[in-house]
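Colleague: The structure file data_21.cif (mmCIF, C-alpha atoms and all ligand atoms) is provided below.
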data_start
#
loop_
_atom_site.label_atom_id
_atom_site.label_comp_id
_atom_site.auth_asym_id
_atom_site.auth_seq_id
_atom_site.Cartn_x
_atom_site.Cartn_y
_atom_site.Cartn_z
CA MET L 1 16.06 9.68 -16.63
CA GLU L 2 13.77 12.69 -16.06
CA LYS L 3 10.60 12.84 -13.96
CA THR L 4 7.57 13.61 -16.10
CA ASN L 5 4.55 13.84 -13.78
CA GLU L 6 3.67 12.94 -10.19
CA LEU L 7 1.82 9.63 -10.10
CA TYR L 8 1.19 9.17 -6.39
CA ARG L 9 2.08 10.93 -3.15
CA GLY L 10 2.35 8.52 -0.21
CA LYS L 11 3.01 9.36 3.43
CA ALA L 12 6.81 9.22 3.10
CA LYS L 13 7.52 8.79 -0.63
CA THR L 14 6.36 10.40 -3.86
CA VAL L 15 6.24 8.34 -7.05
CA TYR L 16 6.91 9.97 -10.43
CA GLU L 17 6.45 8.69 -13.95
CA THR L 18 9.36 8.98 -16.38
CA SER L 19 9.75 9.03 -20.14
CA ASP L 20 10.18 5.24 -19.95
CA PRO L 21 6.75 3.61 -19.38
CA ASP L 22 8.45 0.75 -17.48
CA ARG L 23 10.34 2.97 -15.04
CA LEU L 24 9.33 5.19 -12.11
CA ILE L 25 11.28 7.49 -9.80
CA LEU L 26 10.79 7.11 -6.04
CA HIS L 27 11.46 10.25 -4.03
CA PHE L 28 12.09 9.52 -0.34
CA ARG L 29 10.88 12.58 1.58
CA ASN L 30 11.76 13.63 5.12
CA ASP L 31 8.11 13.16 6.14
CA THR L 32 7.57 10.54 8.80
CA SER L 33 4.21 9.20 9.78
CA ALA L 34 2.82 6.73 12.26
CA PHE L 35 -0.57 5.39 13.32
CA ASP L 36 -1.92 5.51 9.74
CA GLY L 37 -0.92 9.11 9.23
CA GLU L 38 -2.21 10.41 12.61
CA LYS L 39 1.26 11.41 13.81
CA VAL L 40 3.46 13.22 11.28
CA ALA L 41 6.79 15.06 11.37
CA GLN L 42 9.60 16.23 9.14
CA LEU L 43 12.91 14.66 10.11
CA ASP L 44 16.06 16.13 8.58
CA ARG L 45 18.18 13.69 6.51
CA LYS L 46 15.61 10.88 6.75
CA GLY L 47 14.81 10.88 3.01
CA MET L 48 18.47 10.57 2.10
CA VAL L 49 19.21 7.92 4.73
CA ASN L 50 16.20 5.79 3.78
CA ASN L 51 16.86 6.08 0.03
CA LYS L 52 20.45 4.87 0.40
CA PHE L 53 19.53 2.26 3.02
CA ASN L 54 16.80 0.88 0.77
CA ALA L 55 19.07 0.66 -2.30
CA PHE L 56 21.72 -1.14 -0.21
CA ILE L 57 19.28 -3.71 1.20
CA MET L 58 17.54 -4.30 -2.14
CA GLN L 59 20.95 -4.91 -3.75
CA LYS L 60 21.72 -7.56 -1.08
CA LEU L 61 18.36 -9.19 -1.77
CA GLU L 62 18.95 -9.18 -5.55
CA GLU L 63 22.32 -10.84 -4.96
CA ALA L 64 20.46 -13.56 -3.04
CA GLY L 65 18.12 -14.14 -6.00
CA ILE L 66 15.09 -12.13 -4.78
CA PRO L 67 13.65 -9.97 -7.59
CA THR L 68 13.32 -6.32 -6.53
CA GLN L 69 12.06 -3.13 -8.09
CA VAL L 70 15.23 -1.07 -7.62
CA ASP L 71 17.49 -0.26 -10.58
CA ARG L 72 19.78 2.41 -9.13
CA LEU L 73 20.13 5.55 -7.07
CA ILE L 74 19.79 8.73 -9.12
CA SER L 75 20.27 11.33 -6.37
CA ASP L 76 20.62 11.50 -2.59
CA ASP L 77 16.90 11.00 -2.08
CA GLU L 78 15.69 9.45 -5.35
CA ALA L 79 15.91 6.02 -6.97
CA LEU L 80 15.00 4.71 -10.41
CA VAL L 81 12.76 1.64 -10.13
CA LYS L 82 10.75 -0.74 -12.28
CA ARG L 83 7.10 0.20 -12.61
CA LEU L 84 5.10 -2.44 -10.76
CA GLU L 85 1.39 -2.97 -10.50
CA MET L 86 1.27 -3.03 -6.70
CA LEU L 87 -0.89 -5.49 -4.77
CA PRO L 88 -2.75 -3.73 -1.88
CA ILE L 89 -1.25 -6.18 0.60
CA GLU L 90 1.36 -5.97 3.36
CA CYS L 91 3.34 -9.11 4.18
CA VAL L 92 4.72 -9.18 7.73
CA VAL L 93 7.16 -11.67 9.22
CA ARG L 94 7.88 -11.58 12.96
CA ASN L 95 10.87 -13.18 14.64
CA ILE L 96 10.16 -11.55 18.01
CA ALA L 97 6.83 -10.29 19.34
CA ALA L 98 6.39 -6.50 19.26
CA GLY L 99 3.76 -3.98 18.17
CA SER L 100 0.32 -5.09 17.07
CA ILE L 101 0.76 -8.80 17.77
CA CYS L 102 1.28 -7.98 21.47
CA ARG L 103 -1.96 -6.00 21.55
CA ARG L 104 -3.94 -8.55 19.51
CA LEU L 105 -2.76 -11.73 21.18
CA GLY L 106 -1.81 -10.44 24.63
CA VAL L 107 1.79 -11.61 24.43
CA GLU L 108 4.80 -9.89 26.02
CA GLU L 109 7.04 -7.74 23.84
CA GLY L 110 10.32 -9.58 23.32
CA LEU L 111 8.94 -13.13 23.15
CA THR L 112 10.89 -15.16 20.55
CA LEU L 113 8.62 -16.60 17.87
CA ASN L 114 9.92 -19.96 16.76
CA PRO L 115 9.15 -20.60 13.98
CA PRO L 116 8.75 -16.99 12.83
CA THR L 117 5.15 -16.06 12.13
CA PHE L 118 3.61 -14.57 8.99
CA GLU L 119 0.65 -12.20 8.62
CA PHE L 120 -1.13 -10.48 5.72
CA PHE L 121 -2.63 -7.00 6.15
CA LEU L 122 -4.75 -4.96 3.76
CA LYS L 123 -3.07 -1.69 2.83
CA ASN L 124 -5.84 0.73 3.75
CA ASP L 125 -5.23 3.61 6.20
CA GLU L 126 -8.93 4.42 6.63
CA LEU L 127 -9.55 0.87 7.81
CA HIS L 128 -6.27 0.91 9.81
CA ASP L 129 -4.65 -1.84 7.72
CA PRO L 130 -6.81 -4.74 8.95
CA MET L 131 -5.32 -8.23 9.15
CA ILE L 132 -6.58 -10.44 6.31
CA ASN L 133 -6.04 -14.04 5.24
CA GLU L 134 -5.45 -15.86 1.97
CA TYR L 135 -9.17 -16.45 1.45
CA HIS L 136 -9.81 -12.69 1.56
CA ILE L 137 -7.06 -12.13 -1.00
CA ARG L 138 -8.64 -14.67 -3.35
CA SER L 139 -12.30 -13.71 -2.76
CA PHE L 140 -11.73 -9.98 -3.25
CA GLY L 141 -9.36 -10.50 -6.19
CA TRP L 142 -6.37 -8.76 -4.55
CA GLY L 143 -4.09 -11.55 -5.76
CA GLU L 144 -4.07 -15.04 -7.24
CA ASP L 145 -2.96 -18.32 -5.67
CA GLU L 146 0.44 -18.21 -7.32
CA HIS L 147 0.98 -14.60 -6.14
CA ILE L 148 0.14 -15.59 -2.56
CA GLU L 149 2.55 -18.53 -2.63
CA GLN L 150 5.30 -16.44 -4.19
CA MET L 151 4.85 -13.56 -1.69
CA LYS L 152 5.10 -15.97 1.26
CA LYS L 153 8.14 -17.71 -0.20
CA LEU L 154 9.98 -14.47 -0.99
CA THR L 155 9.09 -12.86 2.34
CA PHE L 156 10.61 -15.81 4.23
CA GLN L 157 13.66 -15.78 1.93
CA VAL L 158 14.15 -12.13 2.84
CA ASN L 159 14.11 -13.20 6.50
CA ASP L 160 16.98 -15.66 5.96
CA VAL L 161 19.10 -13.09 4.11
CA LEU L 162 18.43 -10.10 6.38
CA LYS L 163 18.45 -11.86 9.76
CA ALA L 164 22.03 -12.93 8.98
CA LEU L 165 23.02 -9.51 7.63
CA PHE L 166 21.68 -7.66 10.68
CA ASP L 167 23.08 -10.27 13.07
CA GLU L 168 26.59 -9.58 11.76
CA ALA L 169 25.95 -5.90 12.54
CA GLY L 170 24.92 -6.69 16.13
CA LEU L 171 21.22 -6.19 15.39
CA LEU L 172 18.09 -8.29 15.86
CA LEU L 173 15.56 -8.22 13.02
CA VAL L 174 12.40 -8.23 15.14
CA ASP L 175 9.83 -7.92 12.33
CA TYR L 176 9.32 -6.25 8.94
CA LYS L 177 6.70 -5.43 6.34
CA LEU L 178 7.07 -6.02 2.60
CA GLU L 179 4.91 -5.00 -0.34
CA PHE L 180 4.97 -6.70 -3.72
CA GLY L 181 3.82 -5.87 -7.23
CA LEU L 182 3.65 -7.45 -10.66
CA TYR L 183 6.21 -6.73 -13.36
CA LYS L 184 5.45 -8.42 -16.68
CA GLY L 185 3.32 -10.94 -14.76
CA GLU L 186 5.93 -11.83 -12.12
CA ILE L 187 5.85 -11.01 -8.40
CA VAL L 188 8.61 -8.50 -7.58
CA LEU L 189 9.50 -6.86 -4.25
CA GLY L 190 8.54 -3.17 -4.30
CA ASP L 191 8.05 -0.24 -1.92
CA GLU L 192 10.98 -0.12 0.52
CA PHE L 193 12.98 -1.88 3.19
CA THR L 194 14.10 0.76 5.69
CA PRO L 195 13.87 1.29 9.48
CA ASP L 196 10.48 2.93 8.74
CA GLY L 197 8.98 -0.50 7.96
CA CYS L 198 10.80 -2.90 10.23
CA ARG L 199 11.88 -3.26 13.84
CA LEU L 200 15.58 -3.51 14.68
CA TRP L 201 16.96 -3.88 18.20
CA ASP L 202 20.54 -3.82 19.41
CA LYS L 203 21.45 -7.46 20.09
CA GLU L 204 22.99 -6.80 23.51
CA THR L 205 20.88 -3.98 24.98
CA ARG L 206 17.67 -4.47 22.94
CA GLN L 207 17.67 -0.70 22.35
CA LYS L 208 15.15 0.21 19.61
CA LEU L 209 16.77 1.54 16.42
CA ASP L 210 13.73 1.87 14.14
CA LYS L 211 10.48 3.83 13.68
CA ASP L 212 9.25 2.78 17.13
CA ARG L 213 11.51 5.63 18.34
CA PHE L 214 9.15 7.99 16.49
CA ARG L 215 5.93 6.12 17.37
CA GLN L 216 6.85 6.05 21.05
CA GLY L 217 8.38 9.57 21.20
CA LEU L 218 11.81 8.23 22.22
CA GLY L 219 13.74 10.82 20.14
CA GLY L 220 16.94 10.29 18.15
CA VAL L 221 15.01 8.77 15.24
CA VAL L 222 17.29 9.63 12.30
CA GLU L 223 20.36 9.18 14.53
CA ALA L 224 19.21 5.59 15.13
CA TYR L 225 18.67 4.99 11.39
CA GLU L 226 22.18 6.37 10.75
CA GLU L 227 23.60 4.11 13.44
CA VAL L 228 22.05 1.09 11.71
CA ALA L 229 23.35 2.27 8.32
CA HIS L 230 26.81 2.79 9.79
CA ARG L 231 26.89 -0.70 11.33
CA LEU L 232 25.95 -2.22 7.93
CA ASN L 233 28.51 -0.09 6.08
CA VAL L 234 25.82 1.59 3.97
CA PRO L 235 27.55 4.48 2.20
CA LEU L 236 25.64 7.64 3.19
CA ASP L 237 27.88 10.44 1.84
P1 LIG J 1 2.71 -3.97 13.53
O1 LIG J 1 3.36 -4.55 14.75
O2 LIG J 1 2.21 -2.56 13.72
O3 LIG J 1 1.66 -4.88 12.94
O4 LIG J 1 3.85 -3.84 12.42
C1 LIG J 1 4.62 -4.95 12.02
C2 LIG J 1 5.78 -4.46 11.17
O5 LIG J 1 5.30 -3.92 9.96
C3 LIG J 1 6.59 -3.35 11.83
O6 LIG J 1 7.96 -3.53 11.52
C4 LIG J 1 6.09 -2.07 11.19
C5 LIG J 1 5.64 -2.55 9.84
N1 LIG J 1 4.49 -1.81 9.34
C6 LIG J 1 4.66 -0.83 8.38
O7 LIG J 1 5.77 -0.57 7.95
N2 LIG J 1 3.58 -0.17 7.92
C7 LIG J 1 2.32 -0.43 8.33
O8 LIG J 1 1.37 0.21 7.86
C8 LIG J 1 2.15 -1.46 9.32
C9 LIG J 1 0.77 -1.80 9.84
C10 LIG J 1 3.26 -2.11 9.79
N1 LIG J 2 3.11 3.26 8.07
C1 LIG J 2 1.93 3.59 8.85
C2 LIG J 2 1.81 5.10 8.99
O1 LIG J 2 2.65 5.81 8.57
C3 LIG J 2 1.87 2.85 10.14
C4 LIG J 2 3.08 2.93 11.03
O2 LIG J 2 4.21 2.80 10.57
O3 LIG J 2 2.90 3.08 12.25
O4 LIG J 2 0.90 5.64 9.53
#
Is it possible to express this structure as structure tokens?
Modeller:
Amino acid sequence: MEKTNELYRGKAKTVYETSDPDRLILHFRNDTSAFDGEKVAQLDRKGMVNNKFNAFIMQKLEEAGIPTQVDRLISDDEALVKRLEMLPIECVVRNIAAGSICRRLGVEEGLTLNPPTFEFFLKNDELHDPMINEYHIRSFGWGEDEHIEQMKKLTFQVNDVLKALFDEAGLLLVDYKLEFGLYKGEIVLGDEFTPDGCRLWDKETRQKLDKDRFRQGLGGVVEAYEEVAHRLNVPLD
């Protein structure tokens, strides 16, 4: 499948149309951004690692019955995906407190959240991705009741599948963000699942192995992503 024209350039991925109106190509770039695009850098190998990591995770989710956008890898840093009509919403599940919930609610990083908590955010960099609720989604027409229910259900299903997968690799799935879209009227998981959009800690040492290394200037960002990929047996070469 050939790229025809560029449809959208995000902070870390570029989306291309193809000759098939139902298929897009996602190009995972080396660009890395944090704080709504305020901090940016080019990190060697990151596009390749995230592309292969994402395809591996999405395949595991498909096997568990969760519909995803990914068809297949087409190069080191590109994947062929279904064309979704994306909802401008981020779905976040947290198993352990970290990041914005600590700032908003004044809780200590590392607190176990039992049961895990769920939050919706509006995908809007200029507004700094404000937290929203189901009433906002309905009132502003960002999604319908059945979409909201399906996004919550699928996001928690992802937690069951991935908590177990990461646990076997000696990792704690602290939190993660998912984005969904519509394909022929059905809610399907889109965007990506990579260490750019989740928090992963070593189970024993609680060492951070995700984008917090970039946000917090800890260094060894791609090395940490590769360590996670290696522990999960994601084929990188
Ligand atoms: P937060 O603690 O900043 O709210 O982030 C929660 C999780 O969602 C964390 O794993 C990072 C991820 N996330 C993104 O991937 N992109 C975003 O724009 C935001 C706000 C969070
Ligand atoms: N994804 C957002 C950005 O790139 C927020 C973040 O990950 O910190 O700016």
Colleague: Which is closer to ligand LIG 2 (chain J) than all the others in L:Leu84, L:Cys198, L:Ile137, L:Leu122, using all atoms listed in the file?
Modeller: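 Of all the options, L:Cys198 lies closest to ligand LIG 2 (chain J).
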Colleague: Provide the atom CA of L:Phe53 to atom CA of L:Asn114 distance in Å, to one decimal place.
Modeller: 27.8 Å
Colleague: May I have the protein, DNA and RNA residues with any atom at most 12 Å from the point (14.3, -6.3, 7.4), counting all atoms listed in the file, written as a PyMOL selection string?
Modeller: chain L and resi 53-54+56-58+60-61+91-95+155-167+171-178+192-201+210+228
Colleague: Grab the atom CA of L:Asp125 to atom CA of L:Asp212 distance for me, in Å with one decimal place.
Modeller: 18.2 Å
Colleague: Between L:Thr117, L:Glu108, L:Pro67, L:Ile89, single out the one closest to L:Gly141, counting all atoms listed in the file.
Modeller: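 Checking each of L:Thr117, L:Glu108, L:Pro67, L:Ile89 against L:Gly141, counting all atoms listed in the file, the winner is L:Ile89.
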Colleague: Just give me the gap between atom C1 of ligand LIG 1 (chain J) and atom CA of L:Glu119 in Å, one decimal is fine.
Modeller: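 Atom-to-atom, atom C1 of ligand LIG 1 (chain J) to atom CA of L:Glu119, that is 8.9 Å.
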